[in-house]
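data-v6.pdb (PDB, C-alpha atoms, pLDDT in the B column)
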ATOM      1  CA  MET A  18      33.469  21.974  57.147  1.00 86.00           C
ATOM      2  CA  ASP A  19      36.524  22.452  59.333  1.00 89.00           C
ATOM      3  CA  ILE A  20      39.448  20.033  59.184  1.00 88.00           C
ATOM      4  CA  PHE A  21      38.552  18.237  62.412  1.00 89.00           C
ATOM      5  CA  GLY A  22      35.025  17.713  61.091  1.00 87.00           C
ATOM      6  CA  ALA A  23      36.447  16.179  57.914  1.00 89.00           C
ATOM      7  CA  ILE A  24      38.743  13.898  59.923  1.00 88.00           C
ATOM      8  CA  ARG A  25      35.899  12.875  62.230  1.00 87.00           C
ATOM      9  CA  THR A  26      33.460  12.079  59.392  1.00 88.00           C
ATOM     10  CA  ARG A  27      35.733  10.574  56.717  1.00 92.00           C
ATOM     11  CA  ARG A  28      34.691   7.010  55.970  1.00 92.00           C
ATOM     12  CA  SER A  29      35.608   4.467  53.327  1.00 93.00           C
ATOM     13  CA  VAL A  30      32.808   4.704  50.790  1.00 95.00           C
ATOM     14  CA  ARG A  31      32.137   1.645  48.658  1.00 92.00           C
ATOM     15  CA  LYS A  32      28.916   2.690  46.906  1.00 94.00           C
ATOM     16  CA  TYR A  33      28.609   5.872  44.862  1.00 96.00           C
ATOM     17  CA  LYS A  34      25.846   7.763  43.126  1.00 96.00           C
ATOM     18  CA  THR A  35      26.157   8.118  39.367  1.00 95.00           C
ATOM     19  CA  ASP A  36      25.996  11.932  39.635  1.00 97.00           C
ATOM     20  CA  PRO A  37      29.070  13.465  38.024  1.00 97.00           C
ATOM     21  CA  VAL A  38      31.513  15.380  40.195  1.00 97.00           C
ATOM     22  CA  GLU A  39      31.454  19.068  39.331  1.00 98.00           C
ATOM     23  CA  LYS A  40      34.682  20.403  37.772  1.00 96.00           C
ATOM     24  CA  GLU A  41      35.158  22.911  40.607  1.00 96.00           C
ATOM     25  CA  LYS A  42      35.025  20.168  43.247  1.00 96.00           C
ATOM     26  CA  LEU A  43      37.070  17.770  41.156  1.00 96.00           C
ATOM     27  CA  SER A  44      39.815  20.363  40.708  1.00 96.00           C
ATOM     28  CA  LYS A  45      40.174  20.864  44.475  1.00 96.00           C
ATOM     29  CA  VAL A  46      41.118  17.248  45.105  1.00 96.00           C
ATOM     30  CA  PRO A  47      44.386  17.211  43.083  1.00 95.00           C
ATOM     31  CA  LYS A  48      45.197  20.682  44.430  1.00 96.00           C
ATOM     32  CA  ALA A  49      45.027  19.269  47.955  1.00 95.00           C
ATOM     33  CA  ALA A  50      47.309  16.410  46.886  1.00 94.00           C
ATOM     34  CA  ARG A  51      49.816  18.892  45.460  1.00 94.00           C
ATOM     35  CA  LEU A  52      49.857  20.805  48.748  1.00 95.00           C
ATOM     36  CA  ALA A  53      50.498  17.691  50.858  1.00 94.00           C
ATOM     37  CA  PRO A  54      53.889  17.594  52.555  1.00 92.00           C
ATOM     38  CA  SER A  55      56.513  15.145  51.340  1.00 90.00           C
ATOM     39  CA  ALA A  56      60.027  14.259  52.463  1.00 86.00           C
ATOM     40  CA  MET A  57      62.476  16.904  51.258  1.00 85.00           C
ATOM     41  CA  ASN A  58      59.500  18.356  49.312  1.00 87.00           C
ATOM     42  CA  ARG A  59      60.264  15.952  46.478  1.00 87.00           C
ATOM     43  CA  GLN A  60      56.646  15.068  45.693  1.00 90.00           C
ATOM     44  CA  PRO A  61      57.704  11.754  44.111  1.00 88.00           C
ATOM     45  CA  TYR A  62      54.297  10.968  42.643  1.00 93.00           C
ATOM     46  CA  ASN A  63      51.785  11.739  39.919  1.00 96.00           C
ATOM     47  CA  LEU A  64      48.014  11.396  39.987  1.00 97.00           C
ATOM     48  CA  ILE A  65      46.019  10.015  37.091  1.00 98.00           C
ATOM     49  CA  VAL A  66      42.407  11.231  37.202  1.00 98.00           C
ATOM     50  CA  VAL A  67      40.207   8.863  35.223  1.00 97.00           C
ATOM     51  CA  THR A  68      36.621   9.639  34.215  1.00 97.00           C
ATOM     52  CA  GLU A  69      36.285   7.558  31.023  1.00 96.00           C
ATOM     53  CA  PRO A  70      33.807   4.732  31.797  1.00 95.00           C
ATOM     54  CA  LYS A  71      35.574   1.907  29.928  1.00 95.00           C
ATOM     55  CA  THR A  72      38.906   2.715  31.546  1.00 96.00           C
ATOM     56  CA  LYS A  73      37.291   2.870  34.998  1.00 94.00           C
ATOM     57  CA  GLU A  74      35.669  -0.509  34.346  1.00 92.00           C
ATOM     58  CA  LYS A  75      39.055  -2.027  33.500  1.00 94.00           C
ATOM     59  CA  LEU A  76      40.614  -0.455  36.599  1.00 94.00           C
ATOM     60  CA  GLY A  77      37.785  -1.811  38.742  1.00 90.00           C
ATOM     61  CA  SER A  78      38.507  -5.321  37.508  1.00 90.00           C
ATOM     62  CA  ALA A  79      42.189  -4.892  38.481  1.00 93.00           C
ATOM     63  CA  CYS A  80      41.204  -4.486  42.148  1.00 89.00           C
ATOM     64  CA  ASN A  81      39.923  -6.896  44.761  1.00 74.00           C
ATOM     65  CA  ARG A  82      36.376  -5.727  43.955  1.00 74.00           C
ATOM     66  CA  TYR A  83      34.553  -3.828  41.262  1.00 73.00           C
ATOM     67  CA  TRP A  84      34.347  -0.097  41.922  1.00 77.00           C
ATOM     68  CA  VAL A  85      31.704   2.102  40.334  1.00 83.00           C
ATOM     69  CA  ALA A  86      32.264   5.820  40.863  1.00 95.00           C
ATOM     70  CA  PRO A  87      32.285   8.855  38.577  1.00 97.00           C
ATOM     71  CA  VAL A  88      36.058   9.268  39.051  1.00 97.00           C
ATOM     72  CA  MET A  89      39.001   7.013  39.813  1.00 97.00           C
ATOM     73  CA  ILE A  90      42.274   8.538  40.982  1.00 97.00           C
ATOM     74  CA  VAL A  91      45.431   6.478  40.596  1.00 97.00           C
ATOM     75  CA  VAL A  92      48.549   7.442  42.552  1.00 97.00           C
ATOM     76  CA  CYS A  93      51.847   6.598  40.886  1.00 96.00           C
ATOM     77  CA  ALA A  94      55.314   7.052  42.386  1.00 93.00           C
ATOM     78  CA  PHE A  95      58.786   7.568  40.924  1.00 90.00           C
ATOM     79  CA  PRO A  96      61.335   5.354  42.700  1.00 83.00           C
ATOM     80  CA  ASP A  97      64.222   7.482  41.421  1.00 81.00           C
ATOM     81  CA  LYS A  98      62.747  10.510  43.194  1.00 81.00           C
ATOM     82  CA  PHE A  99      62.194   8.836  46.587  1.00 77.00           C
ATOM     83  CA  TRP A 100      64.048  10.429  49.445  1.00 79.00           C
ATOM     84  CA  VAL A 101      66.082   7.717  51.122  1.00 80.00           C
ATOM     85  CA  ARG A 102      67.530   8.266  54.572  1.00 84.00           C
ATOM     86  CA  GLU A 103      71.180   7.331  55.233  1.00 88.00           C
ATOM     87  CA  ASP A 104      70.078   4.066  56.875  1.00 91.00           C
ATOM     88  CA  GLY A 105      68.103   3.068  53.769  1.00 84.00           C
ATOM     89  CA  GLU A 106      64.617   4.041  54.991  1.00 84.00           C
ATOM     90  CA  GLU A 107      62.480   5.190  52.031  1.00 83.00           C
ATOM     91  CA  TYR A 108      59.821   7.813  52.523  1.00 84.00           C
ATOM     92  CA  CYS A 109      57.790   7.416  49.342  1.00 85.00           C
ATOM     93  CA  LYS A 110      55.035   5.307  50.870  1.00 87.00           C
ATOM     94  CA  ALA A 111      54.616   7.853  53.662  1.00 90.00           C
ATOM     95  CA  ASP A 112      54.556  10.656  51.070  1.00 92.00           C
ATOM     96  CA  VAL A 113      51.848   8.861  49.098  1.00 93.00           C
ATOM     97  CA  ALA A 114      49.859   8.118  52.273  1.00 94.00           C
ATOM     98  CA  ILE A 115      49.880  11.796  53.250  1.00 95.00           C
ATOM     99  CA  THR A 116      48.846  12.737  49.721  1.00 96.00           C
ATOM    100  CA  VAL A 117      45.935  10.298  49.622  1.00 96.00           C
ATOM    101  CA  HIS A 118      44.828  11.388  53.099  1.00 96.00           C
ATOM    102  CA  SER A 119      44.916  15.055  52.055  1.00 96.00           C
ATOM    103  CA  LEU A 120      42.867  14.444  48.933  1.00 97.00           C
ATOM    104  CA  SER A 121      40.428  12.253  50.911  1.00 97.00           C
ATOM    105  CA  LEU A 122      39.844  14.940  53.555  1.00 96.00           C
ATOM    106  CA  THR A 123      39.318  17.523  50.822  1.00 96.00           C
ATOM    107  CA  ALA A 124      36.796  15.208  49.174  1.00 97.00           C
ATOM    108  CA  VAL A 125      34.877  14.883  52.470  1.00 95.00           C
ATOM    109  CA  ALA A 126      34.846  18.661  52.897  1.00 95.00           C
ATOM    110  CA  GLU A 127      33.301  18.890  49.402  1.00 96.00           C
ATOM    111  CA  GLY A 128      30.599  16.312  50.202  1.00 96.00           C
ATOM    112  CA  LEU A 129      32.378  13.542  48.278  1.00 97.00           C
ATOM    113  CA  GLY A 130      33.590  10.119  49.281  1.00 96.00           C
ATOM    114  CA  THR A 131      36.725   8.062  48.703  1.00 96.00           C
ATOM    115  CA  CYS A 132      38.107   4.655  49.622  1.00 95.00           C
ATOM    116  CA  TRP A 133      41.809   3.848  49.711  1.00 94.00           C
ATOM    117  CA  ILE A 134      42.537   0.904  47.391  1.00 94.00           C
ATOM    118  CA  ALA A 135      45.861  -0.811  47.947  1.00 89.00           C
ATOM    119  CA  ALA A 136      44.778  -4.315  46.888  1.00 92.00           C
ATOM    120  CA  LEU A 137      45.370  -3.897  43.181  1.00 95.00           C
ATOM    121  CA  GLU A 138      47.136  -5.712  40.377  1.00 96.00           C
ATOM    122  CA  GLU A 139      49.910  -3.205  39.747  1.00 96.00           C
ATOM    123  CA  ASP A 140      51.102  -4.593  36.409  1.00 97.00           C
ATOM    124  CA  ARG A 141      47.550  -4.714  35.087  1.00 96.00           C
ATOM    125  CA  VAL A 142      46.831  -1.114  36.179  1.00 97.00           C
ATOM    126  CA  LYS A 143      50.076  -0.030  34.512  1.00 98.00           C
ATOM    127  CA  ARG A 144      49.035  -1.681  31.227  1.00 97.00           C
ATOM    128  CA  ILE A 145      45.544  -0.142  31.343  1.00 97.00           C
ATOM    129  CA  LEU A 146      46.886   3.389  31.890  1.00 98.00           C
ATOM    130  CA  GLY A 147      50.175   3.177  29.990  1.00 98.00           C
ATOM    131  CA  VAL A 148      52.242   3.771  33.123  1.00 98.00           C
ATOM    132  CA  PRO A 149      55.988   3.379  32.420  1.00 97.00           C
ATOM    133  CA  SER A 150      57.630   0.244  33.815  1.00 95.00           C
ATOM    134  CA  GLU A 151      59.939   2.203  36.155  1.00 94.00           C
ATOM    135  CA  VAL A 152      56.981   3.955  37.828  1.00 96.00           C
ATOM    136  CA  ARG A 153      55.091   2.295  40.719  1.00 95.00           C
ATOM    137  CA  VAL A 154      51.310   2.275  41.162  1.00 96.00           C
ATOM    138  CA  LEU A 155      50.846   2.475  44.940  1.00 95.00           C
ATOM    139  CA  ALA A 156      47.204   3.387  45.482  1.00 95.00           C
ATOM    140  CA  MET A 157      43.876   4.188  43.887  1.00 96.00           C
ATOM    141  CA  THR A 158      40.675   5.732  45.140  1.00 96.00           C
ATOM    142  CA  PRO A 159      37.219   6.088  43.679  1.00 96.00           C
ATOM    143  CA  LEU A 160      35.766   9.579  44.037  1.00 97.00           C
ATOM    144  CA  GLY A 161      32.118  10.552  43.962  1.00 98.00           C
ATOM    145  CA  TYR A 162      28.987  11.276  45.941  1.00 98.00           C
ATOM    146  CA  PRO A 163      28.306   8.557  48.519  1.00 97.00           C
ATOM    147  CA  ALA A 164      25.242   6.399  47.833  1.00 96.00           C
ATOM    148  CA  GLU A 165      25.367   4.946  51.322  1.00 90.00           C
ATOM    149  CA  LYS A 166      24.995   6.445  54.758  1.00 86.00           C
ATOM    150  CA  LYS A 167      27.480   5.374  57.370  1.00 84.00           C
ATOM    151  CA  GLY A 168      27.449   5.974  61.082  1.00 76.00           C
ATOM    152  CA  PRO A 169      30.014   7.936  63.019  1.00 73.00           C
ATOM    153  CA  VAL A 170      33.663   6.959  62.856  1.00 81.00           C
ATOM    154  CA  THR A 171      34.658   4.570  65.600  1.00 83.00           C
ATOM    155  CA  ARG A 172      38.137   3.398  66.428  1.00 83.00           C
ATOM    156  CA  SER A 173      39.041   0.420  68.547  1.00 87.00           C
ATOM    157  CA  LYS A 174      41.552   2.128  70.829  1.00 93.00           C
ATOM    158  CA  ARG A 175      40.987   4.929  73.292  1.00 92.00           C
ATOM    159  CA  LEU A 176      43.177   8.022  73.063  1.00 92.00           C
ATOM    160  CA  GLU A 177      44.903   7.049  76.304  1.00 93.00           C
ATOM    161  CA  GLU A 178      46.093   3.826  74.661  1.00 94.00           C
ATOM    162  CA  LEU A 179      47.728   5.682  71.788  1.00 93.00           C
ATOM    163  CA  VAL A 180      49.244   8.845  73.246  1.00 96.00           C
ATOM    164  CA  ARG A 181      52.033   9.277  75.761  1.00 93.00           C
ATOM    165  CA  TYR A 182      53.367  12.579  76.993  1.00 94.00           C
ATOM    166  CA  GLU A 183      56.998  13.406  77.628  1.00 97.00           C
ATOM    167  CA  LYS A 184      58.178   9.791  78.094  1.00 95.00           C
ATOM    168  CA  TRP A 185      57.209   6.190  77.489  1.00 92.00           C
TER
END
So that I can check it, write out the structure of this file as structure tokens.
Amino acid sequence: MDIFGAIRTRRSVRKYKTDPVEKEKLSKVPKAARLAPSAMNRQPYNLIVVTEPKTKEKLGSACNRYWVAPVMIVVCAFPDKFWVREDGEEYCKADVAITVHSLSLTAVAEGLGTCWIAALEEDRVKRILGVPSEVRVLAMTPLGYPAEKKGPVTRSKRLEELVRYEKW
């Protein structure tokens, strides 16, 4: 699948088959995250790839809903490695967003599904995974084969409402 096809067909998947994700496919997802651009190329994050059922169950209960998927990926960030612009603007959240988007598009290209989870109990996730107190947990995503079919991606705004050329 080409990149535009992945962008056009990526959907938030909330139901997954129990089929395990093959090691070859699973290894491509973190590789895509590693290749994602970040401010000043700092890559101020780590991924935790979780496949152990009891740990995934605990993580699922630390979210706004229970997630059942063969894999859960947790994205953690290092505040001391954030690039901060002179006016105080931090780029870590943008770096993490690009990373999660890159791994999500790679998952789609491999026939897998994801769903960005930002509604999580950070302190609880940190306790479950032993994440150090100075590290932030910013996102999670289940990863697996979709057990639901979704229609084509639709967006509420037309292109003409979002894009301007040359000037406002």
I need the residue set behind the PyMOL selection byres ((chain A and resi 108) around 12) for this file; please write it as a PyMOL selection string. chain A and resi 54-62+94-107+109-115
With the file shown as input, list the residues that the PyMOL selection byres ((chain A and resi 64) around 10) selects, as a VMD selection string. chain A and resid 47 50 to 51 62 to 63 65 to 67 90 to 94 116 to 117 154 156 to 157
Would you write out those residues with C-alpha atoms, as a CSV table (one decimal), in the frame of the given file?
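Final output, saved to result25.csv:
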chain,number,residue,atom,x,y,z
A,47,PRO,CA,44.4,17.2,43.1
A,50,ALA,CA,47.3,16.4,46.9
A,51,ARG,CA,49.8,18.9,45.5
A,62,TYR,CA,54.3,11.0,42.6
A,63,ASN,CA,51.8,11.7,39.9
A,65,ILE,CA,46.0,10.0,37.1
A,66,VAL,CA,42.4,11.2,37.2
A,67,VAL,CA,40.2,8.9,35.2
A,90,ILE,CA,42.3,8.5,41.0
A,91,VAL,CA,45.4,6.5,40.6
A,92,VAL,CA,48.5,7.4,42.6
A,93,CYS,CA,51.8,6.6,40.9
A,94,ALA,CA,55.3,7.1,42.4
A,116,THR,CA,48.8,12.7,49.7
A,117,VAL,CA,45.9,10.3,49.6
A,154,VAL,CA,51.3,2.3,41.2
A,156,ALA,CA,47.2,3.4,45.5
A,157,MET,CA,43.9,4.2,43.9
As lines of an AutoDock Vina configuration file, please: the centre and edge lengths in Å, to one decimal, of an axis-aligned box enclosing every listed atom of range 69-72 of chain A with 8 Å added on each side.
center_x = 36.4
center_y = 4.7
center_z = 30.9
size_x = 21.1
size_y = 21.7
size_z = 17.9
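Applied to the shown file, the PyMOL selection byres ((chain A and resi 69-83) around 10) selects the residues Arg31, Val66, Val67, Thr68, Trp84, Val85, Ala86, Pro87, Val88, Met89, Ile90, Val91, Ile134, Ala135, Ala136, Leu137, Glu138, Glu139, Asp140, Arg141, Val142, Lys143, Ile145, Leu146, Met157 and Pro159 of chain A.
CA of Glu178 in chain A is found 25.3 Å from CA of Trp133 in chain A.
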Near Lys34 in chain A, within 7 Å and counting all atoms listed in the file, which residues show up once chain neighbours fewer than 6 positions away are dropped, as a PDB file with C-alpha atoms, keeping the file's coordinate frame?
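The resulting file, around.pdb, is reproduced below:
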ATOM      1  CA  GLY A 161      32.118  10.552  43.962  1.00 98.00           C
ATOM      2  CA  TYR A 162      28.987  11.276  45.941  1.00 98.00           C
ATOM      3  CA  PRO A 163      28.306   8.557  48.519  1.00 97.00           C
ATOM      4  CA  ALA A 164      25.242   6.399  47.833  1.00 96.00           C
TER       5      ALA A 164
END
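Between Val30 in chain A and the candidates A:Lys166, A:Arg153, A:Arg144, A:Lys45, the tightest atom-to-atom separation, counting all atoms listed in the file, involves A:Lys166.
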How many Å lie between CA of Ser173 in chain A and CA of Ser119 in chain A, rounded to one decimal? 22.8 Å
So what do you get for CA of Leu122 in chain A versus CA of Arg175 in chain A, distance-wise? 22.2 Å
Judged by only C-alpha atoms, the minimum distance to Ala124 in chain A among A:Val180, A:Val148, A:Ala23, A:Ala53 is found for A:Ala23
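Distance annotation: of A:Pro37, A:Leu160, A:Leu52, A:Glu165, the residue with the minimal separation from Leu129 in chain A is A:Leu160; atom set is only C-alpha atoms.
The closest residue to Thr123 in chain A, picked from A:Val152, A:Tyr33, A:Ile24, A:Trp185 and counting all atoms listed in the file, is A:Ile24.
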Of A:Thr158, A:Tyr182, A:Met18, A:Glu127, the one nearest to Glu41 in chain A when counting all atoms listed in the file is A:Glu127
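Of the listed residues (A:Val170, A:Leu155, A:Gly147, A:Glu177), A:Val170 comes nearest to Arg25 in chain A; the distances count all atoms listed in the file.
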